$ cat entry21.txt   # compact mmCIF, C-alpha atoms
# COMPACT_ATOMS: atom_id res chain seq x y z
CA MET A 1 64.16 80.17 59.67
CA ALA A 2 67.97 80.26 59.98
CA ILE A 3 69.96 83.17 61.41
CA SER A 4 69.68 85.97 58.86
CA LYS A 5 72.69 87.64 57.32
CA ALA A 6 71.31 91.01 58.41
CA LEU A 7 71.09 89.90 62.03
CA ALA A 8 74.63 88.54 61.94
CA THR A 9 75.87 91.84 60.55
CA VAL A 10 74.16 93.83 63.32
CA LEU A 11 75.53 91.51 66.00
CA LEU A 12 79.09 91.67 64.78
CA ALA A 13 78.99 95.46 64.85
CA THR A 14 78.69 95.21 68.63
CA PHE A 15 81.72 93.03 69.32
CA CYS A 16 84.61 94.60 71.24
CA ALA A 17 87.88 94.71 69.36
CA SER A 18 90.72 92.31 70.09
CA PRO A 19 93.26 90.49 67.93
CA VAL A 20 91.39 87.17 67.81
CA ARG A 21 88.49 88.66 68.48
CA GLY A 22 87.01 89.27 71.88
CA PHE A 23 83.34 89.92 72.31
CA VAL A 24 81.17 91.77 74.79
CA PRO A 25 78.60 89.49 76.46
CA PRO A 26 75.78 90.47 78.82
CA THR A 27 76.89 92.36 81.93
CA HIS A 28 78.25 89.91 84.48
CA THR A 29 80.13 90.28 87.73
CA HIS A 30 82.71 87.61 88.51
CA ARG A 31 83.07 86.49 92.08
CA SER A 32 86.27 85.77 93.94
CA PRO A 33 86.80 82.52 95.89
CA SER A 34 85.44 84.23 98.98
CA GLN A 35 82.38 85.54 97.16
CA GLY A 36 80.83 82.50 95.58
CA VAL A 37 81.01 79.42 93.42
CA TYR A 38 79.74 78.72 89.93
CA SER A 39 78.37 75.24 89.42
CA ALA A 40 77.40 73.69 86.15
CA THR A 41 74.43 72.21 87.98
CA SER A 42 73.28 75.25 89.94
CA GLU A 43 70.64 77.71 88.85
CA HIS A 44 71.41 81.35 88.09
CA SER A 45 69.02 84.21 87.55
CA PRO A 46 69.25 85.63 84.02
CA SER A 47 70.54 89.13 83.37
CA TYR A 48 70.62 90.87 80.02
CA ALA A 49 72.40 94.02 78.91
CA THR A 50 73.06 95.96 75.75
CA VAL A 51 76.47 96.94 74.45
CA ASP A 52 77.32 100.61 74.66
CA ASP A 53 80.38 100.67 72.41
CA ALA A 54 81.00 99.04 69.04
CA ASP A 55 84.22 98.37 67.17
CA GLU A 56 84.42 96.69 63.83
CA ALA A 57 85.53 93.06 64.15
CA THR A 58 88.50 92.06 62.05
CA LYS A 59 91.00 89.15 62.07
CA SER A 60 89.45 86.98 59.34
CA THR A 61 85.98 87.89 60.57
CA SER A 62 83.41 88.71 57.92
CA SER A 63 79.99 90.15 58.65
CA GLU A 64 78.72 86.58 58.97
CA SER A 65 81.40 84.69 60.90
CA LEU A 66 83.58 84.65 63.99
CA THR A 67 87.14 83.45 64.33
CA LEU A 68 87.80 82.45 67.92
CA PHE A 69 90.91 81.28 69.76
CA SER A 70 90.37 78.09 71.76
CA PRO A 71 93.08 77.92 74.46
CA CYS A 72 94.28 74.88 76.35
CA LYS A 73 94.84 74.57 80.10
CA ILE A 74 97.22 73.10 82.62
CA ASN A 75 96.52 71.94 86.16
CA LEU A 76 98.87 73.72 88.56
CA PHE A 77 97.87 71.06 91.05
CA LEU A 78 95.42 68.18 90.89
CA ARG A 79 94.20 66.41 94.00
CA ILE A 80 91.95 63.36 93.80
CA ILE A 81 89.72 63.50 96.87
CA ARG A 82 87.58 60.36 96.65
CA LYS A 83 85.78 57.97 94.35
CA ARG A 84 82.07 58.72 94.22
CA PRO A 85 79.18 56.23 94.25
CA ASP A 86 78.44 57.13 90.61
CA GLY A 87 81.92 55.97 89.56
CA PHE A 88 83.31 59.47 89.02
CA HIS A 89 85.93 61.06 91.27
CA ASP A 90 85.77 64.22 93.34
CA LEU A 91 88.80 66.34 92.65
CA ALA A 92 90.24 69.71 93.53
CA SER A 93 92.46 71.57 91.10
CA LEU A 94 93.76 75.01 90.15
CA PHE A 95 93.25 75.39 86.41
CA GLN A 96 95.17 77.92 84.32
CA ALA A 97 94.58 78.91 80.69
CA VAL A 98 97.56 78.77 78.35
CA GLY A 99 98.14 80.60 75.07
CA PHE A 100 98.63 77.45 73.01
CA GLY A 101 95.44 76.33 71.36
CA ASP A 102 93.14 75.81 68.42
CA THR A 103 91.14 78.15 66.17
CA LEU A 104 87.39 77.82 65.63
CA ARG A 105 85.69 79.62 62.74
CA LEU A 106 81.94 79.75 63.23
CA SER A 107 79.37 81.00 60.71
CA PRO A 108 75.57 80.92 60.67
CA THR A 109 74.13 78.84 57.88
CA GLU A 110 70.72 78.90 56.26
CA GLY A 111 70.67 75.11 56.13
CA ASP A 112 68.84 72.80 58.50
CA ALA A 113 71.90 71.06 59.97
CA ASP A 114 75.30 72.00 61.37
CA GLU A 115 78.35 71.45 59.18
CA PHE A 116 81.69 70.60 60.79
CA SER A 117 85.21 70.20 59.44
CA CYS A 118 88.59 69.74 61.11
CA ASN A 119 92.15 69.64 59.83
CA MET A 120 93.42 67.00 62.28
CA GLU A 121 93.19 63.40 61.26
CA GLY A 122 91.31 61.21 63.71
CA VAL A 123 89.07 63.95 65.11
CA PRO A 124 85.46 62.75 64.80
CA THR A 125 83.30 64.91 62.58
CA ASP A 126 80.00 63.28 63.45
CA SER A 127 77.56 64.09 66.26
CA THR A 128 79.98 62.76 68.89
CA ASN A 129 82.27 65.77 68.42
CA LEU A 130 82.08 68.23 71.31
CA VAL A 131 81.72 71.24 69.01
CA LEU A 132 78.61 69.78 67.39
CA ARG A 133 77.29 68.69 70.76
CA ALA A 134 77.80 72.24 72.08
CA LEU A 135 75.89 73.74 69.16
CA GLU A 136 73.03 71.30 69.68
CA LEU A 137 73.01 72.11 73.40
CA MET A 138 72.74 75.82 72.64
CA ARG A 139 69.78 75.26 70.34
CA ARG A 140 67.99 73.10 72.86
CA ARG A 141 68.63 75.33 75.87
CA THR A 142 67.82 78.63 74.15
CA GLY A 143 64.85 77.31 72.21
CA ARG A 144 66.47 78.49 68.96
CA ASP A 145 65.69 75.41 66.90
CA ASP A 146 66.36 77.38 63.70
CA ALA A 147 69.99 78.27 64.51
CA PHE A 148 72.50 76.17 62.58
CA PHE A 149 76.17 76.79 61.98
CA GLU A 150 79.14 75.95 59.83
CA ALA A 151 82.11 75.23 62.08
CA ASP A 152 85.72 74.80 60.94
CA LEU A 153 88.18 73.74 63.62
CA VAL A 154 91.92 74.15 63.09
CA LYS A 155 93.47 71.96 65.76
CA ARG A 156 96.95 72.17 67.22
CA VAL A 157 96.30 70.76 70.68
CA PRO A 158 96.88 67.00 70.63
CA ALA A 159 94.41 64.50 72.03
CA GLN A 160 95.02 62.59 75.29
CA ALA A 161 97.38 65.32 76.43
CA GLY A 162 95.78 66.47 79.69
CA LEU A 163 95.38 69.95 78.16
CA GLY A 164 91.59 70.09 77.81
CA GLY A 165 91.65 70.81 74.08
CA GLY A 166 88.26 69.25 73.32
CA SER A 167 86.64 70.88 76.34
CA ALA A 168 87.96 74.27 75.24
CA ASN A 169 86.55 73.71 71.75
CA ALA A 170 83.11 73.07 73.25
CA ALA A 171 83.23 76.18 75.46
CA THR A 172 84.40 78.28 72.51
CA ALA A 173 81.54 76.96 70.36
CA MET A 174 79.02 77.77 73.11
CA TRP A 175 80.34 81.33 73.44
CA GLY A 176 80.42 81.91 69.68
CA ALA A 177 76.97 80.47 69.04
CA ASN A 178 75.55 82.63 71.82
CA GLU A 179 77.05 85.72 70.20
CA LEU A 180 75.73 84.89 66.73
CA MET A 181 72.26 84.15 68.12
CA GLY A 182 72.08 87.57 69.76
CA ARG A 183 73.14 86.57 73.28
CA PRO A 184 69.99 84.78 74.42
CA ALA A 185 71.97 83.30 77.34
CA THR A 186 73.90 84.95 80.14
CA LEU A 187 77.40 83.82 81.06
CA ASP A 188 75.96 82.24 84.20
CA GLN A 189 73.62 80.18 82.05
CA LEU A 190 76.43 79.06 79.74
CA ILE A 191 78.34 77.93 82.82
CA GLU A 192 75.30 76.05 84.12
CA TRP A 193 74.64 74.29 80.81
CA SER A 194 78.28 73.42 80.11
CA GLY A 195 78.28 70.65 82.72
CA GLU A 196 76.00 68.61 80.48
CA LEU A 197 78.86 68.17 78.03
CA GLY A 198 81.82 67.39 80.29
CA SER A 199 83.71 68.21 83.43
CA ASP A 200 86.38 70.67 82.22
CA ILE A 201 84.25 72.78 79.89
CA THR A 202 83.04 75.02 82.71
CA PHE A 203 86.58 76.21 83.40
CA PHE A 204 87.02 77.71 79.94
CA LEU A 205 84.13 80.08 80.66
CA SER A 206 86.18 81.62 83.49
CA ARG A 207 88.62 84.48 82.90
CA GLY A 208 91.57 82.10 82.84
CA THR A 209 92.24 80.96 86.41
CA ALA A 210 89.80 78.94 88.50
CA TYR A 211 89.67 76.58 91.45
CA CYS A 212 87.58 73.61 90.32
CA THR A 213 86.02 70.91 92.48
CA GLY A 214 83.38 68.19 92.13
CA ARG A 215 84.11 66.40 88.86
CA GLY A 216 85.74 69.66 87.75
CA GLU A 217 82.45 71.33 86.89
CA VAL A 218 82.09 73.30 90.15
CA MET A 219 84.11 76.42 89.43
CA THR A 220 85.29 79.13 91.81
CA PRO A 221 86.77 81.85 89.58
CA VAL A 222 89.98 83.53 90.68
CA ASP A 223 89.39 87.20 90.00
CA PRO A 224 91.65 88.84 89.14
CA PRO A 225 93.21 85.77 87.51
CA ILE A 226 96.89 84.86 87.68
CA PRO A 227 98.68 87.48 85.55
CA SER A 228 99.30 86.57 81.93
CA GLY A 229 102.78 86.31 80.52
CA ALA A 230 104.45 83.65 82.69
CA ARG A 231 106.42 81.47 80.30
CA LEU A 232 106.22 77.70 80.07
CA SER A 233 107.07 74.85 77.73
CA ILE A 234 104.67 71.97 77.13
CA VAL A 235 106.39 68.73 76.19
CA LYS A 236 104.12 66.12 74.62
CA PRO A 237 105.36 62.63 73.78
CA ASP A 238 103.51 60.81 71.00
CA LEU A 239 102.01 58.53 73.60
CA GLY A 240 98.37 58.62 74.59
CA LEU A 241 96.65 57.62 77.80
CA SER A 242 92.89 57.56 78.16
CA THR A 243 91.53 59.05 81.36
CA PRO A 244 89.71 55.79 82.30
CA ARG A 245 92.98 53.85 81.99
CA VAL A 246 94.77 56.31 84.27
CA PHE A 247 92.06 56.18 86.93
CA ALA A 248 91.97 52.38 86.73
CA ALA A 249 95.64 52.34 87.75
CA LEU A 250 95.19 54.83 90.62
CA ASP A 251 96.53 53.63 93.97
CA TYR A 252 94.37 55.36 96.57
CA ASP A 253 96.92 54.62 99.30
CA ARG A 254 99.46 56.80 97.46
CA LEU A 255 97.33 59.93 97.15
CA SER A 256 98.74 63.18 98.45
CA GLU A 257 97.48 64.43 101.81
CA GLU A 258 98.03 68.10 100.95
CA ASP A 259 95.05 70.36 101.65
CA PRO A 260 93.87 71.59 98.22
CA GLU A 261 92.69 74.95 99.54
CA GLY A 262 96.11 75.43 101.11
CA LEU A 263 97.74 74.64 97.77
CA ARG A 264 95.45 77.10 95.99
CA ASP A 265 96.20 79.84 98.49
CA ALA A 266 99.95 79.24 98.22
CA PHE A 267 99.86 79.66 94.43
CA LEU A 268 97.82 82.84 94.67
CA ARG A 269 100.05 84.24 97.42
CA GLU A 270 103.49 83.21 96.10
CA GLY A 271 102.92 83.04 92.34
CA VAL A 272 103.64 80.18 90.00
CA VAL A 273 107.42 80.65 89.98
CA ASP A 274 108.02 81.22 93.69
CA ALA A 275 105.51 78.64 94.93
CA PRO A 276 107.40 75.74 96.55
CA ASP A 277 107.89 72.55 94.55
CA GLY A 278 105.64 70.86 97.10
CA CYS A 279 102.69 72.84 95.75
CA TYR A 280 102.99 71.16 92.37
CA VAL A 281 101.00 68.04 93.21
CA ASN A 282 99.32 65.78 90.67
CA ASP A 283 97.75 62.64 92.08
CA LEU A 284 97.45 61.21 88.57
CA GLU A 285 101.19 61.15 87.93
CA GLN A 286 101.52 57.86 89.83
CA PRO A 287 99.04 55.88 87.72
CA ALA A 288 100.16 57.54 84.48
CA PHE A 289 103.82 56.77 85.21
CA ASP A 290 102.91 53.21 86.18
CA CYS A 291 101.15 52.81 82.83
CA LEU A 292 103.95 54.49 80.87
CA PRO A 293 107.33 54.37 82.66
CA GLN A 294 108.88 56.29 79.75
CA LEU A 295 106.70 59.25 80.72
CA LYS A 296 108.32 59.31 84.17
CA ALA A 297 111.73 59.12 82.51
CA LEU A 298 110.87 62.12 80.34
CA LYS A 299 109.87 64.17 83.39
CA GLU A 300 113.14 63.28 85.11
CA GLU A 301 115.06 64.50 82.05
CA LEU A 302 113.15 67.78 82.04
CA LEU A 303 113.89 68.33 85.72
CA GLU A 304 117.56 68.51 84.76
CA VAL A 305 117.07 71.35 82.25
CA GLU A 306 118.55 74.57 83.59
CA GLY A 307 116.04 77.41 83.67
CA PHE A 308 112.89 75.48 84.50
CA ASP A 309 111.54 76.28 87.95
CA HIS A 310 108.92 73.52 88.15
CA VAL A 311 108.09 70.45 86.05
CA MET A 312 104.88 68.39 86.31
CA MET A 313 102.43 66.35 84.25
CA SER A 314 99.18 68.13 83.39
CA GLY A 315 95.84 66.48 84.13
CA SER A 316 95.76 62.79 83.30
CA GLY A 317 98.65 63.22 80.86
CA THR A 318 100.55 62.75 78.77
CA SER A 319 101.77 66.34 78.46
CA ILE A 320 104.41 67.61 80.87
CA PHE A 321 104.64 71.34 81.49
CA CYS A 322 107.77 73.19 82.53
CA ILE A 323 107.44 76.58 84.24
CA GLY A 324 110.11 79.05 83.14
CA GLU A 325 112.41 79.20 80.13
CA PRO A 326 115.42 77.01 79.37
CA ALA A 327 118.76 78.76 79.80
CA ASP A 328 119.82 77.46 76.38
CA ALA A 329 116.63 77.52 74.33
CA GLU A 330 118.29 76.34 71.12
CA ALA A 331 119.87 73.31 72.79
CA PHE A 332 116.60 72.49 74.57
CA MET A 333 114.58 72.53 71.34
CA LYS A 334 117.22 70.49 69.53
CA GLU A 335 117.27 67.90 72.31
CA PHE A 336 113.53 67.54 72.89
CA ASP A 337 111.56 68.97 69.95
CA GLY A 338 114.08 67.41 67.58
CA ARG A 339 113.55 64.01 69.15
CA ASP A 340 111.41 61.46 67.33
CA GLY A 341 108.07 61.04 69.05
CA VAL A 342 108.21 64.28 71.09
CA SER A 343 106.72 67.73 70.42
CA VAL A 344 107.45 70.95 72.32
CA PHE A 345 105.06 73.91 72.48
CA ASN A 346 106.47 77.09 74.01
CA SER A 347 103.76 79.35 75.35
CA GLU A 348 102.63 81.54 78.23
CA PHE A 349 99.83 81.99 80.75
CA ILE A 350 96.87 83.95 79.46
CA ASN A 351 93.63 85.37 80.81
CA ARG A 352 90.81 87.27 79.19
CA GLU A 353 89.44 90.73 79.74
CA GLU A 354 86.06 91.03 81.41
CA GLY A 355 83.47 90.69 78.66
CA CYS A 356 85.86 89.53 75.93
CA TRP A 357 86.93 86.10 74.71
CA PHE A 358 90.49 84.75 74.93
CA VAL A 359 93.15 86.23 72.65
CA ASP A 360 95.89 84.23 70.97
CA PRO A 361 99.13 85.81 72.28
CA GLU A 362 100.83 85.03 68.98
CA GLU A 363 98.43 87.47 67.30
CA ASN A 364 99.35 90.42 69.56
$ encode --input "entry21.txt" --output "structure tokens"
Amino acid sequence: MAISKALATVLLATFCASPVRGFVPPTHTHRSPSQGVYSATSEHSPSYATVDDADEATKSTSSESLTLFSPCKINLFLRIIRKRPDGFHDLASLFQAVGFGDTLRLSPTEGDADEFSCNMEGVPTDSTNLVLRALELMRRRTGRDDAFFEADLVKRVPAQAGLGGGSANAATAMWGANELMGRPATLDQLIEWSGELGSDITFFLSRGTAYCTGRGEVMTPVDPPIPSGARLSIVKPDLGLSTPRVFAALDYDRLSEEDPEGLRDAFLREGVVDAPDGCYVNDLEQPAFDCLPQLKALKEELLEVEGFDHVMMSGSGTSIFCIGEPADAEAFMKEFDGRDGVSVFNSEFINREEGCWFVDPEEN
């Protein structure tokens, strides 16, 4: 039997109010870097709780659906530590959520299969899509074989950008499905299960800032997270680079020797603006720039823009983020966003309240 309309109505009466909307999950205490680590492969003891307060959910949310913001991320630094025997790489990185992202509308359906649609051409709509894989994972892990959903994804985050758009979509689908099923899983369990889908998904179940190691799935939350509101511009050329191609071009002799924990501590101590340029390390810039020299040229242009404090490629590329705001915003947008083959997304750092999902800052 599928999720009943009555059950969905009761569940949505317990969601906490927020513009996108945020929702109250089971009681959970986040741990700081000194208190513990969440791993997508570790085991966590379940904990369940009821919700004491209830506000009516709005923002395009009927009694049978959720509309959720799916943020992207940047890597404030990214160190490649070693290549592992299984062919993956151990890394260390400080991830930060950004208020540029997609929108996922999720509704329970009485059918016997998930239905998925997406506005962006080229996004797979079959079982390979991470949203559908996340919904299937939730059914399998919770034992709710009768829970099927209609999912509509409005994408803005481009592919092969180093922004984690697909990973965020999967985490958002896991969170939303758990809410609509009556919260059969704790946040710890969602974190544990997320590693089955991919390396970056675990991060999006943090509050917005996390130190990630292993393949990226071992997450140490930073709590409280880096304050929201810091401005940045994301510049994305219409050039794609697959992660395997970038790693294939990696020169291990040219890796940084900076201690990743020292880099993390410097960011948390100094802040993203005042942290020295030397803290902005991305070991994947070298192979990405070797593959696409025009990407290196774009970064060099952005370094010359007055008002930006730091400029670096995010993840495996090809997006380049610029911390700060250009002194002449109109001229900057005309020069870069007006250029053929380049898109600019102006945004800010975000985090989420304890117990609520991420909020689109444009909706505040």
$ closest_residue --input "entry21.txt" --among "A:Asp265, A:Asp152, A:Asp337, A:Glu348" --to "Asp360 (chain A)" --atoms "all atoms listed in the file"
A:Glu348
$ closest_residue --input "entry21.txt" --among "A:Arg141, A:Arg215, A:Arg207, A:His89" --to "Gln189 (chain A)" --atoms "all atoms listed in the file"
A:Arg141
$ closest_residue --input "entry21.txt" --among "A:Thr125, A:Val273, A:Leu91, A:Val154" --to "Leu104 (chain A)" --atoms "only C-alpha atoms"
A:Val154
$ closest_residue --input "entry21.txt" --among "A:Asn282, A:Ser256, A:Asn169, A:Ser107" --to "Met181 (chain A)" --atoms "all atoms listed in the file"
A:Ser107
$ closest_residue --input "entry21.txt" --among "A:Ala327, A:Leu255, A:Leu268, A:Ala249" --to "Pro224 (chain A)" --atoms "all atoms listed in the file"
A:Leu268
$ residues_around --input "entry21.txt" --residues "region 200-204 of chain A" --least-positions-apart "4" --cutoff "8 Å" --atoms "only C-alpha atoms" --output "list in words"
Ala40, Phe95, Ala97, Gly164, Ser167, Ala168, Ala170, Ala171, Thr172, Ile191, Glu192, Ser194, Gly195, Gly208, Thr209, Ala210, Cys212, Gly216, Glu217, Val218 and Met219 of chain A
$ closest_residue --input "entry21.txt" --among "A:Thr213, A:Thr186, A:Ser316, A:Ser233" --to "Leu94 (chain A)" --atoms "all atoms listed in the file"
A:Thr213
$ atom_distance --input "entry21.txt" --atom1 "CA of Glu330 (chain A)" --atom2 "CA of Asp309 (chain A)"
18.1 Å
$ closest_atom_pairs --input "entry21.txt" --of "region 114-189 of chain A" --to "region 354-357 of chain A" --cutoff "10 Å" --atoms "only C-alpha atoms" --output "CSV"
residue,atom,partner,partner_atom,distance
A:Thr172,CA,A:Trp357,CA,8.5
A:Trp175,CA,A:Trp357,CA,8.2
A:Gly176,CA,A:Trp357,CA,9.2
A:Leu187,CA,A:Gly355,CA,9.5
$ axis_aligned_box --input "entry21.txt" --around "region 224-236 of chain A" --padding-each-side "8 Å" --output "lines of an AutoDock Vina configuration file"
center_x = 99.4
center_y = 77.5
center_z = 81.9
size_x = 31.4
size_y = 38.7
size_z = 30.5
$ atom_distance --input "entry21.txt" --atom1 "CA of Pro158 (chain A)" --atom2 "CA of Pro276 (chain A)"
29.3 Å
$ residues_near_point --input "entry21.txt" --point "(86.7, 81.3, 67.6)" --cutoff "8 Å" --atoms "only C-alpha atoms" --output "VMD selection string"
chain A and resid 20 to 21 66 to 70 103 to 106 172 to 173 176
$ residues_near_point --input "entry21.txt" --point "(96.8, 79.8, 76.6)" --cutoff "10 Å" --atoms "only C-alpha atoms" --output "ChimeraX atom specification"
/A:69-74,96-102,208,228-229,347-352,358-361
$ residues_around --input "entry21.txt" --residues "Asp251 (chain A)" --least-positions-apart "2" --cutoff "12 Å" --atoms "all atoms listed in the file" --output "list in words"
Ile80, Arg82, Lys83, Val246, Phe247, Ala248, Ala249, Asp253, Arg254, Leu255, Ser256, Asp283, Leu284, Glu285, Gln286, Pro287, Ala288, Phe289 and Asp290 of chain A
$ atom_distance --input "entry21.txt" --atom1 "CA of Gly278 (chain A)" --atom2 "CA of Asp328 (chain A)"
26.0 Å
$ residues_around --input "entry21.txt" --residues "Gly307 (chain A)" --least-positions-apart "5" --cutoff "8 Å" --atoms "only C-alpha atoms" --output "PyMOL selection string"
chain A and resi 324-327
